[in-house]
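Participant: First the structure, then my questions, so here it is.
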Amino acid sequence: TAMRMLMGIARLRVNGGMSRRSSSMLRPRHSSSSGVVDKTPAPAPEVKRWPEVPTIQRELYDAFRPRVLRIFLSSTFVDMSLERNIVLKEYVPRLRRILAERGISLAVVDMRWGVTEEQSKQKMTALICLREVSRSDYFATHLGERYGWCPFSNQLTPETFDVAPALRSHIGRSVTEWEIRHGLLGWGDGSRPHPR
């Protein structure tokens, strides 16, 4: 009898509601005055379902869910390391606190730690940089006396040209210039930077 009750409970959980058979097993059977056991199955109770989430609640959730603001830092690395560190240590924590009060998380993209040695060997450096520029909401750059690394076409993956098709006419220029054109100035000939 205990095994039949356990099977009935398992069936109840799988079916999401009480069937007539399972409900009759779980309900005690009463004896009449003549000593005959009443075998009439108990009526199946009404299954309670969770109400639909109102549309306005879903809209409020979408409006107030945590947001992330991404800032891309662009510059040559060697001569602008100090300036980058000042931004990250002094200004970013303040900005992060201000945005947190408004329910916004801050993500700062610094490509000094964004490309692994393996990715560099696979010629993915420029591709990763331009993709991160495209993903960012804001673009900030430091300009100094250095021009930066100038890769040739054999140092780029085909996917790099998918991200920035106009790059084909700018081969031989620095990745820093590509970032600035892609994120801020546009590629020339009336083109515009990646929309934000």
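Here's how to read the names in the structure tokens: chain A, B, ... by the order shown, residue numbers from 1 in each chain, ligand numbers from 1 in the order shown.
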Check range 51-194 of chain A with DSSP on the backbone and list each residue it calls strand (DSSP E), as a list in words.

Facilitator: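 For range 51-194 of chain A, the strand (DSSP E) set is Arg67, Val68, Leu69, Arg70, Ile71, Phe72, Leu73, Ser74, Ile104, Ser105, Leu106, Ala107, Val108, Val109, Asp110, Tyr138, Phe139, Ala140 and Thr141 of chain A.
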
Participant: Find the residues around Asp79 in chain A up to 10 Å (only C-alpha atoms counted), leave out those fewer than 5 positions away in its own chain, and share them as an NGL selection string.

Facilitator: :A and (84 or 142-146 or 148)

Participant: Here is a test: counting only C-alpha atoms, which residue of A:Val68, A:Met124, A:Leu73, A:Val78 is nearest to Leu99 in chain A?

Facilitator: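 Among the listed residues, A:Val68 lies closest to Leu99 in chain A.
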
Participant: What does the structure give for the distance between CA of Arg102 in chain A and CA of Arg67 in chain A, in Å to one decimal?

Facilitator: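 Separation of CA of Arg102 in chain A and CA of Arg67 in chain A: 9.5 Å.
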
Participant: Between A:Leu130, A:Cys150, A:Leu184, A:Met80, which one has atoms that come closest to His170 in chain A, using only C-alpha atoms?

Facilitator: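 Of the candidates, the smallest distance to His170 in chain A is held by A:Cys150.
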